[in-house]
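Q: So here's start22.cif, just mmCIF, N, CA and C atoms:
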data_target
#
loop_
_atom_site.label_atom_id
_atom_site.label_comp_id
_atom_site.auth_asym_id
_atom_site.auth_seq_id
_atom_site.Cartn_x
_atom_site.Cartn_y
_atom_site.Cartn_z
N MET A 1385 122.63 -94.97 -126.44
CA MET A 1385 121.53 -95.65 -125.79
C MET A 1385 120.77 -96.53 -126.79
N LYS A 1386 120.61 -96.02 -128.02
CA LYS A 1386 119.90 -96.78 -129.05
C LYS A 1386 120.66 -98.07 -129.38
N ILE A 1387 121.99 -97.96 -129.49
CA ILE A 1387 122.80 -99.14 -129.79
C ILE A 1387 122.70 -100.14 -128.64
N HIS A 1388 122.78 -99.66 -127.41
CA HIS A 1388 122.67 -100.55 -126.25
C HIS A 1388 121.33 -101.27 -126.24
N PHE A 1389 120.25 -100.56 -126.54
CA PHE A 1389 118.92 -101.16 -126.56
C PHE A 1389 118.81 -102.24 -127.63
N VAL A 1390 119.25 -101.94 -128.85
CA VAL A 1390 119.14 -102.90 -129.95
C VAL A 1390 120.06 -104.10 -129.70
N PHE A 1391 121.29 -103.84 -129.27
CA PHE A 1391 122.20 -104.93 -128.97
C PHE A 1391 121.62 -105.85 -127.91
N THR A 1392 121.10 -105.26 -126.83
CA THR A 1392 120.52 -106.05 -125.75
C THR A 1392 119.32 -106.85 -126.22
N ALA A 1393 118.49 -106.26 -127.07
CA ALA A 1393 117.32 -106.98 -127.59
C ALA A 1393 117.74 -108.19 -128.41
N VAL A 1394 118.69 -108.00 -129.31
CA VAL A 1394 119.14 -109.11 -130.17
C VAL A 1394 119.88 -110.16 -129.34
N PHE A 1395 120.77 -109.71 -128.49
CA PHE A 1395 121.54 -110.64 -127.66
C PHE A 1395 120.64 -111.46 -126.75
N SER A 1396 119.72 -110.80 -126.06
CA SER A 1396 118.84 -111.53 -125.14
C SER A 1396 117.89 -112.45 -125.90
N PHE A 1397 117.48 -112.05 -127.10
CA PHE A 1397 116.63 -112.91 -127.93
C PHE A 1397 117.37 -114.21 -128.25
N LEU A 1398 118.59 -114.08 -128.77
CA LEU A 1398 119.35 -115.27 -129.17
C LEU A 1398 119.70 -116.15 -127.98
N MET A 1399 120.13 -115.53 -126.90
CA MET A 1399 120.47 -116.33 -125.72
C MET A 1399 119.25 -117.05 -125.16
N SER A 1400 118.13 -116.36 -125.07
CA SER A 1400 116.91 -116.99 -124.55
C SER A 1400 116.44 -118.09 -125.49
N PHE A 1401 116.50 -117.83 -126.79
CA PHE A 1401 116.08 -118.80 -127.79
C PHE A 1401 116.89 -120.09 -127.66
N LEU A 1402 118.21 -119.95 -127.63
CA LEU A 1402 119.08 -121.13 -127.60
C LEU A 1402 119.06 -121.82 -126.24
N LEU A 1403 119.13 -121.06 -125.17
CA LEU A 1403 119.17 -121.70 -123.85
C LEU A 1403 117.83 -122.33 -123.46
N SER A 1404 116.72 -121.70 -123.84
CA SER A 1404 115.43 -122.33 -123.54
C SER A 1404 115.27 -123.62 -124.34
N ALA A 1405 115.80 -123.63 -125.56
CA ALA A 1405 115.76 -124.87 -126.36
C ALA A 1405 116.59 -125.96 -125.69
N TRP A 1406 117.79 -125.58 -125.25
CA TRP A 1406 118.67 -126.57 -124.64
C TRP A 1406 118.08 -127.12 -123.34
N VAL A 1407 117.60 -126.27 -122.47
CA VAL A 1407 117.06 -126.72 -121.19
C VAL A 1407 115.79 -127.54 -121.40
N THR A 1408 114.97 -127.14 -122.36
CA THR A 1408 113.77 -127.91 -122.67
C THR A 1408 114.14 -129.29 -123.19
N TYR A 1409 115.15 -129.34 -124.05
CA TYR A 1409 115.61 -130.63 -124.58
C TYR A 1409 116.18 -131.51 -123.47
N VAL A 1410 116.98 -130.93 -122.58
CA VAL A 1410 117.55 -131.71 -121.48
C VAL A 1410 116.45 -132.26 -120.58
N ASN A 1411 115.42 -131.46 -120.33
CA ASN A 1411 114.35 -131.90 -119.44
C ASN A 1411 113.35 -132.85 -120.08
N LEU A 1412 113.03 -132.64 -121.35
CA LEU A 1412 111.97 -133.42 -121.99
C LEU A 1412 112.45 -134.35 -123.10
N GLY A 1413 113.61 -134.07 -123.66
CA GLY A 1413 114.03 -134.79 -124.86
C GLY A 1413 113.17 -134.32 -126.03
N LEU A 1414 113.26 -135.02 -127.13
CA LEU A 1414 112.45 -134.66 -128.30
C LEU A 1414 111.09 -135.33 -128.21
N SER A 1415 110.29 -134.84 -127.29
CA SER A 1415 108.97 -135.41 -127.07
C SER A 1415 107.94 -134.71 -127.95
N GLU A 1416 106.70 -135.17 -127.85
CA GLU A 1416 105.61 -134.55 -128.60
C GLU A 1416 105.34 -133.12 -128.14
N THR A 1417 105.68 -132.82 -126.91
CA THR A 1417 105.40 -131.50 -126.36
C THR A 1417 106.62 -130.57 -126.41
N PHE A 1418 107.70 -131.01 -127.05
CA PHE A 1418 108.93 -130.22 -127.05
C PHE A 1418 108.73 -128.81 -127.60
N LEU A 1419 108.19 -128.68 -128.79
CA LEU A 1419 108.05 -127.36 -129.41
C LEU A 1419 107.16 -126.43 -128.58
N HIS A 1420 106.06 -126.94 -128.10
CA HIS A 1420 105.17 -126.13 -127.29
C HIS A 1420 105.86 -125.70 -125.99
N SER A 1421 106.50 -126.64 -125.33
CA SER A 1421 107.19 -126.33 -124.07
C SER A 1421 108.33 -125.35 -124.30
N TRP A 1422 109.05 -125.52 -125.40
CA TRP A 1422 110.15 -124.61 -125.73
C TRP A 1422 109.61 -123.20 -125.97
N LEU A 1423 108.53 -123.09 -126.70
CA LEU A 1423 107.94 -121.78 -126.98
C LEU A 1423 107.51 -121.08 -125.69
N ILE A 1424 106.87 -121.81 -124.81
CA ILE A 1424 106.44 -121.24 -123.53
C ILE A 1424 107.66 -120.79 -122.72
N ALA A 1425 108.70 -121.63 -122.68
CA ALA A 1425 109.91 -121.28 -121.93
C ALA A 1425 110.57 -120.04 -122.53
N PHE A 1426 110.63 -119.97 -123.85
CA PHE A 1426 111.24 -118.82 -124.52
C PHE A 1426 110.45 -117.54 -124.26
N ILE A 1427 109.14 -117.61 -124.37
CA ILE A 1427 108.29 -116.43 -124.14
C ILE A 1427 108.46 -115.91 -122.71
N ASN A 1428 108.64 -116.81 -121.76
CA ASN A 1428 108.86 -116.40 -120.38
C ASN A 1428 110.27 -115.90 -120.12
N ALA A 1429 111.24 -116.45 -120.84
CA ALA A 1429 112.64 -116.12 -120.58
C ALA A 1429 113.08 -114.81 -121.23
N TRP A 1430 112.60 -114.52 -122.43
CA TRP A 1430 113.14 -113.37 -123.15
C TRP A 1430 112.95 -112.04 -122.42
N PRO A 1431 111.76 -111.71 -121.93
CA PRO A 1431 111.63 -110.42 -121.23
C PRO A 1431 112.55 -110.32 -120.01
N ALA A 1432 112.66 -111.40 -119.27
CA ALA A 1432 113.54 -111.39 -118.09
C ALA A 1432 114.99 -111.22 -118.52
N ALA A 1433 115.40 -111.93 -119.55
CA ALA A 1433 116.77 -111.82 -120.03
C ALA A 1433 117.06 -110.41 -120.54
N PHE A 1434 116.11 -109.80 -121.20
CA PHE A 1434 116.30 -108.44 -121.71
C PHE A 1434 116.49 -107.45 -120.56
N VAL A 1435 115.63 -107.53 -119.57
CA VAL A 1435 115.71 -106.59 -118.44
C VAL A 1435 117.03 -106.77 -117.70
N VAL A 1436 117.40 -108.00 -117.44
CA VAL A 1436 118.66 -108.26 -116.72
C VAL A 1436 119.85 -107.78 -117.54
N ALA A 1437 119.90 -108.13 -118.81
CA ALA A 1437 121.03 -107.73 -119.65
C ALA A 1437 121.10 -106.21 -119.81
N PHE A 1438 119.96 -105.56 -119.95
CA PHE A 1438 119.93 -104.11 -120.15
C PHE A 1438 120.42 -103.38 -118.90
N THR A 1439 120.08 -103.88 -117.72
CA THR A 1439 120.46 -103.19 -116.50
C THR A 1439 121.84 -103.59 -115.98
N VAL A 1440 122.27 -104.80 -116.24
CA VAL A 1440 123.52 -105.29 -115.68
C VAL A 1440 124.72 -105.06 -116.61
N ALA A 1441 124.51 -104.99 -117.90
CA ALA A 1441 125.63 -104.88 -118.84
C ALA A 1441 126.47 -103.62 -118.63
N PRO A 1442 125.89 -102.43 -118.47
CA PRO A 1442 126.74 -101.24 -118.30
C PRO A 1442 127.66 -101.29 -117.07
N PRO A 1443 127.17 -101.66 -115.89
CA PRO A 1443 128.11 -101.74 -114.77
C PRO A 1443 129.17 -102.82 -114.95
N ILE A 1444 128.79 -103.94 -115.54
CA ILE A 1444 129.77 -105.00 -115.78
C ILE A 1444 130.83 -104.52 -116.77
N ARG A 1445 130.41 -103.81 -117.80
CA ARG A 1445 131.35 -103.25 -118.77
C ARG A 1445 132.35 -102.34 -118.07
N CYS A 1446 131.88 -101.49 -117.17
CA CYS A 1446 132.77 -100.58 -116.42
C CYS A 1446 133.78 -101.36 -115.57
N VAL A 1447 133.32 -102.39 -114.89
CA VAL A 1447 134.22 -103.20 -114.05
C VAL A 1447 135.27 -103.88 -114.92
N VAL A 1448 134.87 -104.43 -116.03
CA VAL A 1448 135.82 -105.12 -116.92
C VAL A 1448 136.84 -104.13 -117.49
N ILE A 1449 136.38 -102.96 -117.89
CA ILE A 1449 137.30 -101.94 -118.42
C ILE A 1449 138.31 -101.53 -117.35
N LYS A 1450 137.83 -101.30 -116.12
CA LYS A 1450 138.74 -100.94 -115.03
C LYS A 1450 139.74 -102.06 -114.75
N PHE A 1451 139.27 -103.29 -114.78
CA PHE A 1451 140.14 -104.45 -114.54
C PHE A 1451 141.24 -104.51 -115.59
N PHE A 1452 140.88 -104.37 -116.85
CA PHE A 1452 141.87 -104.46 -117.92
C PHE A 1452 142.79 -103.25 -117.95
N ASN A 1453 142.27 -102.08 -117.65
CA ASN A 1453 143.13 -100.89 -117.61
C ASN A 1453 144.13 -100.96 -116.46
N ARG A 1454 143.72 -101.51 -115.35
CA ARG A 1454 144.63 -101.67 -114.20
C ARG A 1454 145.73 -102.68 -114.54
N GLY A 1455 145.38 -103.73 -115.25
CA GLY A 1455 146.35 -104.76 -115.60
C GLY A 1455 147.35 -104.31 -116.64
N LEU A 1456 147.01 -103.31 -117.44
CA LEU A 1456 147.90 -102.87 -118.50
C LEU A 1456 148.92 -101.85 -118.02
N LYS A 1457 148.77 -101.30 -116.82
CA LYS A 1457 149.71 -100.27 -116.33
C LYS A 1457 150.92 -100.89 -115.70
#
If you took the structure in this file and wrote it as structure tokens, what would it be?

A:
Amino acid sequence: MKIHFVFTAVFSFLMSFLLSAWVTYVNLGLSETFLHSWLIAFINAWPAAFVVAFTVAPPIRCVVIKFFNRGLK
């Protein structure tokens, strides 16, 4: 559980950081408000990304394992 929590925290941090930067750039370009808008987007995205990744990753892992185990038989 500890590994899952830390992995999810780091993974969701990096994904939120990079994707909020990309979407902010696509919407605003490198404007005067880019950094501020990116920070606000990141602060809003990270908690949501963490909760979703923490709750959805285990069932998805099970489905993928079943899929690959079925294909190998």

Q: CA of Gly1413 in chain A and CA of Ala1393 in chain A, how far apart in Å?

A: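 Answer for the CA of Ala1393 in chain A to CA of Gly1413 in chain A separation: 28.1 Å.
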
Q: At a cut-off of 12 Å, using only C-alpha atoms, what residues contact Phe1397 in chain A? Leave out same-chain residues fewer than 2 positions from it and give the result as a list of chain:residue names.

A: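 The neighbour list is A:Val1390, A:Phe1391, A:Thr1392, A:Ala1393, A:Val1394, A:Phe1395, A:Met1399, A:Ser1400, A:Phe1401, A:Leu1402, A:Leu1403, A:Ser1404, A:Phe1426, A:Ile1427, A:Asn1428, A:Ala1429, A:Trp1430, A:Pro1431, A:Ala1432, A:Ala1433, A:Phe1434, A:Val1435, A:Ala1437.
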
Q: Report the distance between atom N of Asn1453 in chain A and CA of His1388 in chain A in Å, rounded to one decimal place.

A: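 Separating atom N of Asn1453 in chain A from CA of His1388 in chain A is a distance of 21.5 Å.
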
Q: As an exercise, work out the distance from atom N of Ser1396 in chain A to atom C of Phe1438 in chain A in Å and give it to one decimal place.

A: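 So the answer is 10.3 Å.
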
Q: Smallest atom-to-atom distance to Ala1405 in chain A: which of A:Leu1423, A:Ile1444, A:Arg1454, A:Ile1387, using only N, CA and C atoms?

A: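 Among the listed residues, A:Leu1423 lies closest to Ala1405 in chain A.
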
Q: If we count only C-alpha atoms and set the cut-off at 7 Å, which residues sit around range 1407-1410 of chain A, ignoring sequence neighbours fewer than 5 positions away in its own chain? Please answer as a ChimeraX atom specification.

A: /A:1418,1421-1422
